[in-house]
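Listing of entry_38.json; format and content: JSON, C-alpha atoms and all ligand atoms.
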[["chain", "number", "residue", "atom", "x", "y", "z"],
["A", 12, "MET", "CA", -33.46, 45.43, -15.11],
["A", 13, "THR", "CA", -37.05, 44.45, -14.18],
["A", 14, "GLN", "CA", -39.34, 43.91, -17.13],
["A", 15, "GLY", "CA", -42.52, 45.95, -17.40],
["A", 16, "ILE", "CA", -45.89, 44.23, -17.40],
["A", 17, "ILE", "CA", -49.20, 44.74, -19.15],
["A", 18, "ILE", "CA", -51.84, 45.88, -16.66],
["A", 19, "SER", "CA", -55.28, 45.23, -18.11],
["A", 20, "LEU", "CA", -58.23, 46.92, -16.39],
["A", 21, "GLY", "CA", -61.58, 46.00, -17.87],
["A", 22, "SER", "CA", -64.43, 43.60, -18.30],
["A", 23, "ILE", "CA", -64.27, 39.90, -17.50],
["A", 24, "ASN", "CA", -67.18, 38.05, -19.08],
["A", 25, "ALA", "CA", -68.58, 34.59, -19.57],
["A", 26, "ASP", "CA", -69.16, 34.43, -23.34],
["A", 27, "PHE", "CA", -71.95, 32.29, -24.78],
["A", 28, "GLN", "CA", -71.22, 32.21, -28.45],
["A", 29, "VAL", "CA", -73.32, 30.69, -31.22],
["A", 30, "ARG", "CA", -73.26, 30.67, -34.99],
["A", 31, "VAL", "CA", -76.38, 31.86, -36.79],
["A", 32, "ASP", "CA", -77.21, 31.50, -40.46],
["A", 33, "LYS", "CA", -78.32, 35.06, -41.15],
["A", 34, "ASP", "CA", -78.09, 38.50, -39.64],
["A", 35, "PRO", "CA", -79.23, 38.36, -35.99],
["A", 36, "TYR", "CA", -82.18, 40.33, -34.65],
["A", 37, "GLN", "CA", -84.17, 40.27, -37.91],
["A", 38, "THR", "CA", -86.78, 38.01, -36.30],
["A", 39, "THR", "CA", -88.04, 37.50, -32.76],
["A", 40, "THR", "CA", -86.52, 34.04, -32.43],
["A", 41, "MET", "CA", -83.82, 32.49, -34.51],
["A", 42, "ILE", "CA", -81.99, 29.22, -34.31],
["A", 43, "GLY", "CA", -78.31, 29.20, -33.42],
["A", 44, "HIS", "CA", -75.82, 26.34, -33.36],
["A", 45, "ASP", "CA", -72.26, 25.43, -32.36],
["A", 46, "LEU", "CA", -72.57, 26.88, -28.86],
["A", 47, "GLN", "CA", -69.24, 27.64, -27.22],
["A", 48, "ARG", "CA", -68.94, 28.66, -23.56],
["A", 49, "LEU", "CA", -65.82, 30.77, -23.39],
["A", 50, "GLY", "CA", -63.92, 33.17, -21.19],
["A", 51, "GLY", "CA", -64.20, 36.67, -22.58],
["A", 52, "GLY", "CA", -64.51, 40.36, -21.82],
["A", 53, "LYS", "CA", -62.25, 43.12, -23.06],
["A", 54, "GLY", "CA", -59.96, 43.24, -20.03],
["A", 55, "ALA", "CA", -59.57, 39.47, -19.94],
["A", 56, "ASN", "CA", -58.99, 39.21, -23.69],
["A", 57, "VAL", "CA", -56.31, 41.90, -23.65],
["A", 58, "ALA", "CA", -54.43, 40.12, -20.85],
["A", 59, "TYR", "CA", -54.77, 36.80, -22.70],
["A", 60, "GLN", "CA", -53.42, 38.17, -25.99],
["A", 61, "ALA", "CA", -50.56, 40.04, -24.29],
["A", 62, "HIS", "CA", -49.56, 36.88, -22.45],
["A", 63, "LEU", "CA", -49.65, 34.81, -25.65],
["A", 64, "LEU", "CA", -47.26, 37.31, -27.18],
["A", 65, "GLY", "CA", -44.82, 36.73, -24.36],
["A", 66, "ALA", "CA", -45.56, 39.56, -21.91],
["A", 67, "SER", "CA", -46.41, 39.22, -18.24],
["A", 68, "ALA", "CA", -50.00, 40.34, -17.73],
["A", 69, "THR", "CA", -51.99, 41.39, -14.67],
["A", 70, "LEU", "CA", -55.75, 41.67, -14.85],
["A", 71, "ILE", "CA", -57.81, 44.05, -12.71],
["A", 72, "GLY", "CA", -61.55, 43.44, -12.67],
["A", 73, "ARG", "CA", -64.58, 41.93, -11.03],
["A", 74, "VAL", "CA", -66.53, 38.69, -11.41],
["A", 75, "GLY", "CA", -69.53, 37.46, -9.45],
["A", 76, "ASN", "CA", -69.23, 34.86, -6.72],
["A", 77, "ASP", "CA", -71.13, 32.33, -8.83],
["A", 78, "ASP", "CA", -70.58, 29.32, -11.08],
["A", 79, "LEU", "CA", -69.99, 31.48, -14.17],
["A", 80, "LYS", "CA", -66.80, 32.95, -12.76],
["A", 81, "GLU", "CA", -64.96, 29.71, -13.53],
["A", 82, "GLN", "CA", -65.92, 29.96, -17.20],
["A", 83, "ALA", "CA", -64.45, 33.46, -17.27],
["A", 84, "LEU", "CA", -61.32, 32.83, -15.20],
["A", 85, "LYS", "CA", -60.22, 29.26, -15.96],
["A", 86, "PRO", "CA", -58.53, 30.02, -19.29],
["A", 87, "LEU", "CA", -56.69, 32.93, -17.69],
["A", 88, "ARG", "CA", -55.55, 30.88, -14.72],
["A", 89, "GLU", "CA", -54.34, 28.13, -17.05],
["A", 90, "MET", "CA", -52.25, 30.74, -18.87],
["A", 91, "ASP", "CA", -50.73, 31.93, -15.57],
["A", 92, "ILE", "CA", -52.13, 35.41, -15.92],
["A", 93, "ASP", "CA", -51.85, 37.27, -12.62],
["A", 94, "LEU", "CA", -55.36, 37.41, -11.12],
["A", 95, "THR", "CA", -54.36, 38.94, -7.77],
["A", 96, "TYR", "CA", -56.55, 41.97, -8.46],
["A", 97, "VAL", "CA", -59.59, 40.08, -9.71],
["A", 98, "ARG", "CA", -62.21, 39.90, -6.97],
["A", 99, "ALA", "CA", -65.38, 37.81, -6.80],
["A", 100, "VAL", "CA", -68.24, 40.01, -5.58],
["A", 101, "ASP", "CA", -70.80, 38.37, -3.30],
["A", 102, "GLY", "CA", -74.38, 38.76, -4.48],
["A", 103, "ALA", "CA", -73.45, 39.73, -8.05],
["A", 104, "SER", "CA", -73.44, 37.59, -11.18],
["A", 105, "THR", "CA", -70.42, 37.33, -13.42],
["A", 106, "ALA", "CA", -70.88, 39.45, -16.55],
["A", 107, "VAL", "CA", -72.39, 37.58, -19.47],
["A", 108, "SER", "CA", -72.07, 38.22, -23.20],
["A", 109, "MET", "CA", -74.48, 36.54, -25.57],
["A", 110, "ILE", "CA", -72.85, 36.57, -28.97],
["A", 111, "ALA", "CA", -74.39, 35.64, -32.33],
["A", 112, "VAL", "CA", -72.01, 35.24, -35.26],
["A", 113, "PRO", "CA", -73.51, 35.24, -38.77],
["A", 114, "PRO", "CA", -71.71, 33.83, -41.84],
["A", 115, "ASN", "CA", -69.98, 37.16, -42.56],
["A", 116, "GLY", "CA", -68.39, 37.02, -39.08],
["A", 117, "LYS", "CA", -69.84, 40.37, -37.98],
["A", 118, "LYS", "CA", -70.97, 39.44, -34.52],
["A", 119, "LYS", "CA", -73.77, 40.98, -32.50],
["A", 120, "ILE", "CA", -73.36, 41.04, -28.72],
["A", 121, "ILE", "CA", -75.78, 41.51, -25.84],
["A", 122, "LEU", "CA", -73.75, 42.23, -22.70],
["A", 123, "ALA", "CA", -75.03, 42.07, -19.14],
["A", 124, "PRO", "CA", -72.22, 43.82, -17.22],
["A", 125, "ASN", "CA", -73.28, 42.55, -13.77],
["A", 126, "ALA", "CA", -70.17, 42.34, -11.52],
["A", 127, "ASN", "CA", -68.05, 44.40, -13.95],
["A", 128, "ASP", "CA", -69.79, 47.47, -12.56],
["A", 129, "VAL", "CA", -69.77, 46.54, -8.87],
["A", 130, "TRP", "CA", -66.94, 48.46, -7.22],
["A", 131, "VAL", "CA", -66.86, 50.08, -3.79],
["A", 132, "GLU", "CA", -64.94, 53.12, -2.57],
["A", 133, "GLU", "CA", -62.07, 51.06, -1.07],
["A", 134, "ASP", "CA", -61.48, 49.44, -4.45],
["A", 135, "LYS", "CA", -60.09, 52.74, -5.70],
["A", 136, "ASP", "CA", -57.16, 52.44, -3.26],
["A", 137, "GLU", "CA", -56.54, 48.87, -4.26],
["A", 138, "VAL", "CA", -56.50, 49.67, -7.99],
["A", 139, "ARG", "CA", -54.19, 52.60, -7.37],
["A", 140, "LYS", "CA", -51.86, 50.40, -5.33],
["A", 141, "ALA", "CA", -51.87, 47.67, -7.98],
["A", 142, "ILE", "CA", -50.70, 50.14, -10.58],
["A", 143, "LEU", "CA", -48.22, 52.04, -8.41],
["A", 144, "GLN", "CA", -46.40, 48.84, -7.51],
["A", 145, "ALA", "CA", -46.02, 47.64, -11.10],
["A", 146, "PRO", "CA", -42.47, 47.71, -12.46],
["A", 147, "GLU", "CA", -41.06, 50.60, -14.48],
["A", 148, "GLY", "CA", -41.95, 50.45, -18.16],
["A", 149, "SER", "CA", -45.35, 48.84, -17.60],
["A", 150, "VAL", "CA", -48.31, 49.67, -19.83],
["A", 151, "LEU", "CA", -51.94, 50.19, -18.74],
["A", 152, "VAL", "CA", -54.75, 49.12, -21.06],
["A", 153, "ALA", "CA", -58.25, 50.16, -19.93],
["A", 154, "ASP", "CA", -61.78, 49.95, -21.29],
["A", 155, "TYR", "CA", -65.06, 51.40, -20.05],
["A", 156, "GLU", "CA", -66.88, 48.12, -19.55],
["A", 157, "VAL", "CA", -66.06, 48.66, -15.88],
["A", 158, "ALA", "CA", -67.10, 51.57, -13.67],
["A", 159, "PRO", "CA", -65.80, 54.91, -15.09],
["A", 160, "ALA", "CA", -64.62, 56.08, -11.64],
["A", 161, "ILE", "CA", -62.22, 53.11, -11.50],
["A", 162, "VAL", "CA", -60.94, 53.80, -15.02],
["A", 163, "GLU", "CA", -60.14, 57.35, -13.92],
["A", 164, "VAL", "CA", -58.24, 56.17, -10.83],
["A", 165, "ALA", "CA", -56.23, 53.73, -12.96],
["A", 166, "ILE", "CA", -55.33, 56.34, -15.58],
["A", 167, "ASN", "CA", -54.22, 58.81, -12.91],
["A", 168, "ALA", "CA", -52.08, 56.20, -11.15],
["A", 169, "ALA", "CA", -50.50, 55.15, -14.45],
["A", 170, "GLN", "CA", -49.70, 58.76, -15.20],
["A", 171, "GLU", "CA", -48.05, 59.15, -11.79],
["A", 172, "LYS", "CA", -45.74, 56.27, -12.70],
["A", 173, "ASN", "CA", -45.20, 57.55, -16.22],
["A", 174, "PHE", "CA", -46.67, 54.37, -17.70],
["A", 175, "THR", "CA", -48.04, 54.39, -21.23],
["A", 176, "VAL", "CA", -51.87, 54.43, -21.22],
["A", 177, "ILE", "CA", -53.93, 52.76, -23.96],
["A", 178, "LEU", "CA", -57.67, 53.44, -23.81],
["A", 179, "ASP", "CA", -60.34, 51.44, -25.62],
["A", 180, "PRO", "CA", -63.20, 53.98, -25.56],
["A", 181, "SER", "CA", -65.96, 51.41, -25.31],
["A", 182, "PRO", "CA", -68.78, 52.06, -24.62],
["A", 183, "THR", "CA", -68.45, 55.67, -25.75],
["A", 184, "ASP", "CA", -71.27, 57.02, -23.60],
["A", 185, "ARG", "CA", -69.06, 56.40, -20.55],
["A", 186, "VAL", "CA", -65.96, 58.07, -21.94],
["A", 187, "ASP", "CA", -64.71, 61.08, -19.98],
["A", 188, "LYS", "CA", -62.97, 63.31, -22.50],
["A", 189, "ARG", "CA", -61.34, 65.32, -19.70],
["A", 190, "LEU", "CA", -58.94, 62.38, -19.42],
["A", 191, "PHE", "CA", -57.88, 62.49, -23.07],
["A", 192, "GLU", "CA", -54.73, 64.51, -22.32],
["A", 193, "LYS", "CA", -53.51, 61.57, -20.24],
["A", 194, "ILE", "CA", -54.06, 59.01, -22.99],
["A", 195, "ASN", "CA", -51.07, 57.93, -25.07],
["A", 196, "TYR", "CA", -53.04, 55.72, -27.48],
["A", 197, "LEU", "CA", -56.80, 55.92, -28.11],
["A", 198, "ILE", "CA", -58.04, 52.93, -30.13],
["A", 199, "PRO", "CA", -61.69, 53.40, -31.22],
["A", 200, "ASP", "CA", -63.38, 51.10, -33.72],
["A", 201, "ALA", "CA", -65.55, 52.52, -36.49],
["A", 202, "SER", "CA", -68.71, 52.98, -34.43],
["A", 203, "GLU", "CA", -66.81, 54.38, -31.44],
["A", 204, "THR", "CA", -65.03, 56.81, -33.75],
["A", 205, "GLU", "CA", -68.40, 58.04, -34.96],
["A", 206, "GLY", "CA", -69.70, 58.20, -31.40],
["A", 207, "LEU", "CA", -66.77, 60.32, -30.25],
["A", 208, "THR", "CA", -66.41, 62.62, -33.26],
["A", 209, "GLY", "CA", -69.70, 62.57, -35.18],
["A", 210, "THR", "CA", -67.73, 61.39, -38.23],
["A", 211, "ALA", "CA", -68.20, 57.80, -39.39],
["A", 212, "PRO", "CA", -64.91, 56.50, -40.83],
["A", 213, "ALA", "CA", -66.67, 55.23, -43.94],
["A", 214, "SER", "CA", -63.73, 56.20, -46.18],
["A", 215, "LEU", "CA", -60.02, 56.70, -45.53],
["A", 216, "GLU", "CA", -60.49, 60.44, -45.84],
["A", 217, "LYS", "CA", -63.22, 60.43, -43.19],
["A", 218, "ALA", "CA", -61.20, 58.15, -40.91],
["A", 219, "VAL", "CA", -58.26, 60.55, -41.12],
["A", 220, "SER", "CA", -60.50, 63.51, -40.40],
["A", 221, "ALA", "CA", -62.03, 61.74, -37.37],
["A", 222, "ALA", "CA", -58.58, 60.74, -36.09],
["A", 223, "HIS", "CA", -57.45, 64.37, -36.28],
["A", 224, "LYS", "CA", -60.55, 65.51, -34.39],
["A", 225, "LEU", "CA", -59.54, 63.15, -31.60],
["A", 226, "LEU", "CA", -55.96, 64.45, -31.63],
["A", 227, "ASP", "CA", -57.41, 67.95, -31.28],
["A", 228, "GLN", "CA", -59.23, 66.73, -28.17],
["A", 229, "GLY", "CA", -55.86, 66.00, -26.52],
["A", 230, "VAL", "CA", -54.91, 62.33, -27.04],
["A", 231, "LYS", "CA", -51.32, 61.79, -28.20],
["A", 232, "ASN", "CA", -51.84, 58.98, -30.72],
["A", 233, "VAL", "CA", -55.06, 57.75, -32.30],
["A", 234, "LEU", "CA", -55.50, 54.40, -34.00],
["A", 235, "VAL", "CA", -58.88, 54.13, -35.72],
["A", 236, "LYS", "CA", -59.63, 50.45, -36.31],
["A", 237, "LEU", "CA", -61.34, 50.15, -39.68],
["A", 238, "GLU", "CA", -64.38, 47.98, -40.43],
["A", 239, "GLY", "CA", -62.62, 45.63, -42.85],
["A", 240, "GLY", "CA", -59.39, 45.41, -40.81],
["A", 241, "GLY", "CA", -56.32, 47.62, -40.76],
["A", 242, "CYS", "CA", -56.28, 51.05, -39.18],
["A", 243, "ILE", "CA", -55.54, 54.72, -39.56],
["A", 244, "ALA", "CA", -52.86, 55.85, -37.12],
["A", 245, "ALA", "CA", -52.14, 59.49, -36.42],
["A", 246, "ASN", "CA", -50.31, 61.81, -34.12],
["A", 247, "LYS", "CA", -49.28, 65.46, -34.51],
["A", 248, "GLU", "CA", -46.32, 64.49, -36.73],
["A", 249, "ILE", "CA", -47.54, 61.67, -38.92],
["A", 250, "THR", "CA", -50.70, 60.03, -40.29],
["A", 251, "PHE", "CA", -50.67, 56.69, -42.04],
["A", 252, "HIS", "CA", -52.89, 53.84, -43.18],
["A", 253, "ILE", "CA", -52.20, 50.20, -42.36],
["A", 254, "PRO", "CA", -54.12, 48.21, -44.96],
["A", 255, "ALA", "CA", -55.73, 44.87, -44.14],
["A", 256, "ILE", "CA", -54.25, 41.74, -45.67],
["A", 257, "PRO", "CA", -57.16, 39.69, -47.06],
["A", 258, "VAL", "CA", -58.06, 36.82, -44.70],
["A", 259, "GLU", "CA", -61.08, 34.56, -44.38],
["A", 260, "VAL", "CA", -63.25, 36.25, -41.75],
["A", 261, "VAL", "CA", -64.88, 33.72, -39.43],
["A", 262, "ASP", "CA", -65.74, 35.84, -36.39],
["A", 263, "THR", "CA", -64.86, 39.43, -35.52],
["A", 264, "THR", "CA", -65.52, 38.98, -31.77],
["A", 265, "GLY", "CA", -62.51, 40.04, -29.74],
["A", 266, "ALA", "CA", -60.46, 41.29, -32.71],
["A", 267, "GLY", "CA", -60.31, 44.75, -31.14],
["A", 268, "ASP", "CA", -59.00, 43.30, -27.89],
["A", 269, "ALA", "CA", -56.31, 41.36, -29.77],
["A", 270, "PHE", "CA", -55.37, 44.70, -31.33],
["A", 271, "ALA", "CA", -55.16, 46.33, -27.88],
["A", 272, "GLY", "CA", -53.14, 43.51, -26.32],
["A", 273, "ALA", "CA", -50.66, 43.40, -29.17],
["A", 274, "LEU", "CA", -50.33, 47.19, -29.27],
["A", 275, "ALA", "CA", -49.55, 47.16, -25.54],
["A", 276, "VAL", "CA", -46.82, 44.57, -26.01],
["A", 277, "ALA", "CA", -45.28, 46.43, -28.96],
["A", 278, "VAL", "CA", -45.33, 49.73, -27.08],
["A", 279, "MET", "CA", -43.75, 48.10, -24.04],
["A", 280, "GLU", "CA", -41.04, 46.80, -26.35],
["A", 281, "LYS", "CA", -40.56, 50.40, -27.48],
["A", 282, "ARG", "CA", -41.33, 49.65, -31.12],
["A", 283, "PRO", "CA", -41.94, 52.84, -33.14],
["A", 284, "LEU", "CA", -45.54, 53.81, -33.96],
["A", 285, "LYS", "CA", -45.57, 52.31, -37.47],
["A", 286, "GLU", "CA", -44.33, 48.97, -36.21],
["A", 287, "ALA", "CA", -46.56, 48.95, -33.13],
["A", 288, "ALA", "CA", -49.69, 49.77, -35.18],
["A", 289, "CYS", "CA", -48.76, 47.14, -37.76],
["A", 290, "PHE", "CA", -48.17, 44.50, -35.05],
["A", 291, "ALA", "CA", -51.55, 45.33, -33.46],
["A", 292, "SER", "CA", -53.29, 45.19, -36.80],
["A", 293, "ALA", "CA", -51.66, 41.82, -37.57],
["A", 294, "ALA", "CA", -52.89, 40.36, -34.26],
["A", 295, "SER", "CA", -56.45, 41.47, -34.97],
["A", 296, "LEU", "CA", -56.30, 40.03, -38.49],
["A", 297, "VAL", "CA", -55.38, 36.63, -37.11],
["A", 298, "ALA", "CA", -58.11, 36.93, -34.45],
["A", 299, "VAL", "CA", -60.91, 37.16, -37.04],
["A", 300, "THR", "CA", -59.91, 33.87, -38.66],
["A", 301, "GLY", "CA", -61.16, 31.71, -35.74],
["A", 302, "PHE", "CA", -64.41, 31.29, -33.81],
["A", 303, "GLY", "CA", -64.49, 32.96, -30.38],
["A", 304, "SER", "CA", -62.11, 35.53, -28.93],
["A", 305, "GLN", "CA", -59.39, 33.91, -26.83],
["A", 306, "PRO", "CA", -59.28, 30.59, -28.77],
["A", 307, "ALA", "CA", -58.59, 32.53, -31.96],
["A", 308, "TYR", "CA", -55.68, 34.56, -30.61],
["A", 309, "ALA", "CA", -52.25, 33.94, -32.05],
["A", 310, "SER", "CA", -48.78, 33.45, -30.71],
["A", 311, "ARG", "CA", -45.98, 35.79, -31.66],
["A", 312, "GLU", "CA", -44.78, 33.76, -34.63],
["A", 313, "ARG", "CA", -48.11, 33.98, -36.43],
["A", 314, "VAL", "CA", -48.56, 37.67, -35.62],
["A", 315, "GLU", "CA", -45.04, 38.44, -36.87],
["A", 316, "HIS", "CA", -45.89, 36.60, -40.10],
["A", 317, "TYR", "CA", -48.84, 38.94, -40.79],
["A", 318, "PHE", "CA", -46.70, 41.86, -39.62],
["A", 319, "ASP", "CA", -44.11, 41.01, -42.28],
["A", 320, "LEU", "CA", -46.83, 40.86, -44.94],
["A", 321, "THR", "CA", -48.11, 44.31, -43.96],
["A", 322, "ILE", "CA", -45.19, 46.48, -42.89],
["A", 323, "ASP", "CA", -44.12, 47.40, -46.45],
["A", 324, "LYS", "CA", -47.66, 48.28, -47.44],
["A", 325, "ILE", "CA", -48.09, 51.17, -45.01],
["A", 326, "GLU", "CA", -49.20, 54.33, -46.80],
["A", 327, "GLU", "CA", -48.34, 57.72, -45.34],
["A", 328, "ILE", "CA", -51.07, 60.28, -45.76],
["B", 1, "LIG", "O1", -64.59, 42.70, -27.09],
["B", 1, "LIG", "C1", -65.17, 41.43, -27.18],
["B", 1, "LIG", "C2", -65.47, 40.89, -25.81],
["B", 1, "LIG", "O2", -66.41, 41.74, -25.19],
["B", 1, "LIG", "C3", -66.09, 39.52, -25.86],
["B", 1, "LIG", "O3", -65.25, 38.55, -25.28],
["B", 1, "LIG", "C4", -67.39, 39.69, -25.14],
["B", 1, "LIG", "O4", -67.32, 39.35, -23.80],
["B", 1, "LIG", "C5", -67.66, 41.17, -25.34],
["B", 1, "LIG", "O5", -68.58, 41.74, -24.55]]
As structure tokens, please, write out the structure in this file.
Amino acid sequence: MTQGIIISLGSINADFQVRVDKDPYQTTTMIGHDLQRLGGGKGANVAYQAHLLGASATLIGRVGNDDLKEQALKPLREMDIDLTYVRAVDGASTAVSMIAVPPNGKKKIILAPNANDVWVEEDKDEVRKAILQAPEGSVLVADYEVAPAIVEVAINAAQEKNFTVILDPSPTDRVDKRLFEKINYLIPDASETEGLTGTAPASLEKAVSAAHKLLDQGVKNVLVKLEGGGCIAANKEITFHIPAIPVEVVDTTGAGDAFAGALAVAVMEKRPLKEAACFASAASLVAVTGFGSQPAYASRERVEHYFDLTIDKIEEI
């Protein structure tokens, strides 16, 4: 039997990441240090994490035909991630994220999407084809840091093939709620949850209420990623809380993408919701313990370790 693959459609960025000694944006200019030039972007990070966990991953996205594209693509190429559907667009710059990480790890990002948003009409056919030819049992993970029209094409193609669809609803102002009925797993973070429902998940009770509002809007499963780690997971049958195991938080950049990549792998492996949510949560916990996104991602052994520490602590609500 052919194995499914993880198809990741989303942003591919060159990340410029610095540490800062206090909360960014309090002053006009502040000094940063420890610059890292990394590959990043939600789509790229998801593919990277899925691959590290042992899945085959294909990335669909756009970079610019410039020097920055190497920064974004080299780590992916070195991992053997399939880049057949990554195109370099002439005349566009590769997307850039400028990331400042204060001592509490709660990063602030300025993103210039550049090539991530440069798609032409014919690209829709190519994206559709890429998804239709993927093996049975594949999983699509999409985010909205690429053009919404392409996200829609991808979701429709995945549905045609009966693939599981995981949507990271970021940024929320691009989200098309008419597609919610086609989404198997919606994975908003705290601010996206508030953006989509008007309810900030500031307490467990509020997170549950927001998750149920999203279920009412048609998605099949909702996993609300909580500020301090862990998540609330809900579908029409069950709602539960995955608590966060205490870890030393270095940098929260890319933790949500680790969550998405790990969830995709667990779903492809047909793990039940509790296990899949716990596995995803474990991957994001490990991701916050290192500086940068992709360099902080963990292999399966480490993720399974945090999974084992968490699985018995799940609380049904
Ligand atoms: O989700 C985090 C990723 O998106 C980072 O790698 C950065 O590129 C951001 O914009």
Q: Select the residues contacting ligand LIG 1 (chain B) at a distance of at most 6 Å, based on all atoms listed in the file, then format the selection as a list in words.
A: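 Counting all atoms listed in the file, the residues within 6 Å of ligand LIG 1 (chain B) come out as Asn24, Asp26, Gly51, Gly52, Lys53, Ser108, Leu122, Thr264, Gly265, Asp268 and Ser304 of chain A.
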Q: Give me the residues within 7 Å of region 193-207 of chain A as a list of chain:residue names, counting all atoms listed in the file and dropping any in the same chain fewer than 3 places off.
A: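 Selected residues are A:Gln170, A:Thr175, A:Val176, A:Ile177, A:Leu178, A:Asp179, A:Pro180, A:Ser181, A:Thr183, A:Leu190, A:Thr210, A:Ala211, A:Pro212, A:Ala221, A:Val230, A:Lys231, A:Asn232, A:Val233, A:Leu234, A:Val235, A:Lys236, A:Leu237, A:Glu238.
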Q | Exercise: Thr263 (chain A) partners within 7 Å, all atoms listed in the file, chain neighbours under 5 positions left out, as a PyMOL selection string | A | chain A and resi 116-118+299
Q) Rounded to one decimal in Å, what is the spacing between CA of Pro254 (chain A) and CA of Ile325 (chain A)? A) 6.7 Å
Q: Excluding Asp34 (chain A) and residues on its chain fewer than 6 positions from it, collect all residues at most 12 Å away from it, counting all atoms listed in the file, and give them as a ChimeraX atom specification.
A: /A:40-43,111-119
Sorted by chain and rising residue number, which residues of region 156-223 of chain A lie within 10 Å of region 69-79 of chain A, and what are their closest atom pairs and distances in Å to one decimal, counting all atoms listed in the file, as JSON lines?
{"residue": "A:Glu156", "atom": "CA", "partner": "A:Gly72", "partner_atom": "CA", "distance": 9.9}
{"residue": "A:Val157", "atom": "CA", "partner": "A:Gly72", "partner_atom": "CA", "distance": 7.6}
{"residue": "A:Ala158", "atom": "CA", "partner": "A:Gly72", "partner_atom": "CA", "distance": 9.9}
{"residue": "A:Ile161", "atom": "CA", "partner": "A:Gly72", "partner_atom": "CA", "distance": 9.8}
{"residue": "A:Ala165", "atom": "CA", "partner": "A:Ile71", "partner_atom": "CA", "distance": 9.8}
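Among the candidate residues A:Pro124, A:Gly267, A:Pro283, A:Gly21, the one lying nearest to Val97 (chain A) is A:Gly21, with distances computed using only C-alpha atoms.
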(Q) Please report the interatomic distance between CA of Phe318 (chain A) and CA of Val152 (chain A) in Å with one decimal. (A) 21.5 Å
Q. When you draw a straight line from CA of Leu143 (chain A) to CA of Lys172 (chain A), how long is it in Å?
A. 6.5 Å
Counting all atoms listed in the file, find the residues whose atoms lie at most 9 Å from (-63.7, 33.6, -20.5) (file coordinates) and write them out as an mmCIF file with C-alpha atoms, keeping the file's coordinate frame.
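File written: result.cif
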data_model
loop_
_atom_site.group_PDB
_atom_site.id
_atom_site.type_symbol
_atom_site.label_atom_id
_atom_site.label_comp_id
_atom_site.auth_asym_id
_atom_site.auth_seq_id
_atom_site.Cartn_x
_atom_site.Cartn_y
_atom_site.Cartn_z
ATOM 1 C CA ILE A 23 -64.270 39.900 -17.500
ATOM 2 C CA ASN A 24 -67.180 38.050 -19.080
ATOM 3 C CA ALA A 25 -68.580 34.590 -19.570
ATOM 4 C CA ASP A 26 -69.160 34.430 -23.340
ATOM 5 C CA ARG A 48 -68.940 28.660 -23.560
ATOM 6 C CA LEU A 49 -65.820 30.770 -23.390
ATOM 7 C CA GLY A 50 -63.920 33.170 -21.190
ATOM 8 C CA GLY A 51 -64.200 36.670 -22.580
ATOM 9 C CA GLY A 52 -64.510 40.360 -21.820
ATOM 10 C CA ALA A 55 -59.570 39.470 -19.940
ATOM 11 C CA ASN A 56 -58.990 39.210 -23.690
ATOM 12 C CA LYS A 80 -66.800 32.950 -12.760
ATOM 13 C CA GLU A 81 -64.960 29.710 -13.530
ATOM 14 C CA GLN A 82 -65.920 29.960 -17.200
ATOM 15 C CA ALA A 83 -64.450 33.460 -17.270
ATOM 16 C CA LEU A 84 -61.320 32.830 -15.200
ATOM 17 C CA LYS A 85 -60.220 29.260 -15.960
ATOM 18 C CA PRO A 86 -58.530 30.020 -19.290
ATOM 19 C CA LEU A 87 -56.690 32.930 -17.690
ATOM 20 C CA SER A 304 -62.110 35.530 -28.930
ATOM 21 C CA GLN A 305 -59.390 33.910 -26.830
#
Hey, what's within 7 Å of region 308-310 of chain A if we count only C-alpha atoms and toss same-chain stuff fewer than 4 positions away? As a CSV table (one decimal) with C-alpha atoms, in the coordinates of the input, please?
chain,number,residue,atom,x,y,z
A,60,GLN,CA,-53.4,38.2,-26.0
A,63,LEU,CA,-49.6,34.8,-25.6
A,64,LEU,CA,-47.3,37.3,-27.2
A,269,ALA,CA,-56.3,41.4,-29.8
A,294,ALA,CA,-52.9,40.4,-34.3
A,297,VAL,CA,-55.4,36.6,-37.1
A,298,ALA,CA,-58.1,36.9,-34.4
A,304,SER,CA,-62.1,35.5,-28.9
A,314,VAL,CA,-48.6,37.7,-35.6
Q: Find the residues near Ile256 (chain A): any atom within 9 Å, counting all atoms listed in the file, skip ones fewer than 5 places away on the same chain, and give them as a list in words.
A: Gly240, Gly241, Ala293, Leu296, Tyr317, Leu320 and Thr321 of chain A
Please, could you write that set of residues out with C-alpha atoms as a compact mmCIF listing (two decimals), in the coordinates of the input?
# COMPACT_ATOMS: atom_id res chain seq x y z
CA GLY A 240 -59.39 45.41 -40.81
CA GLY A 241 -56.32 47.62 -40.76
CA ALA A 293 -51.66 41.82 -37.57
CA LEU A 296 -56.30 40.03 -38.49
CA TYR A 317 -48.84 38.94 -40.79
CA LEU A 320 -46.83 40.86 -44.94
CA THR A 321 -48.11 44.31 -43.96
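With all atoms listed in the file as the atoms that count, the minimum distance from Ile243 (chain A) to the choices A:Gly148, A:Glu327, A:Ile322, A:Val260 is reached by A:Glu327.
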Q: Could you tell me which of A:Thr105, A:Ser295, A:Gln14, A:Asn173 comes closest to Asp128 (chain A) if we count only C-alpha atoms?
A: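 Using only C-alpha atoms, Asp128 (chain A) sits closest to A:Thr105.
With all atoms listed in the file as the atoms that count, the minimum distance from Ala244 (chain A) to the choices A:Arg98, A:Arg185, A:Lys224, A:Lys285 is reached by A:Lys285.
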Q) From the list A:Ala145, A:Leu20, A:Ala291, A:Met109, which residue is nearest Glu163 (chain A) when using all atoms listed in the file? A)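 Using all atoms listed in the file, Glu163 (chain A) sits closest to A:Leu20.
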Q: Select, from A:Val150, A:His44, A:Lys135, A:Ile142, the residue with the minimum atom-to-atom distance to Glu280 (chain A), counting all atoms listed in the file.
A: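 For Glu280 (chain A), the nearest of the given residues is A:Val150.
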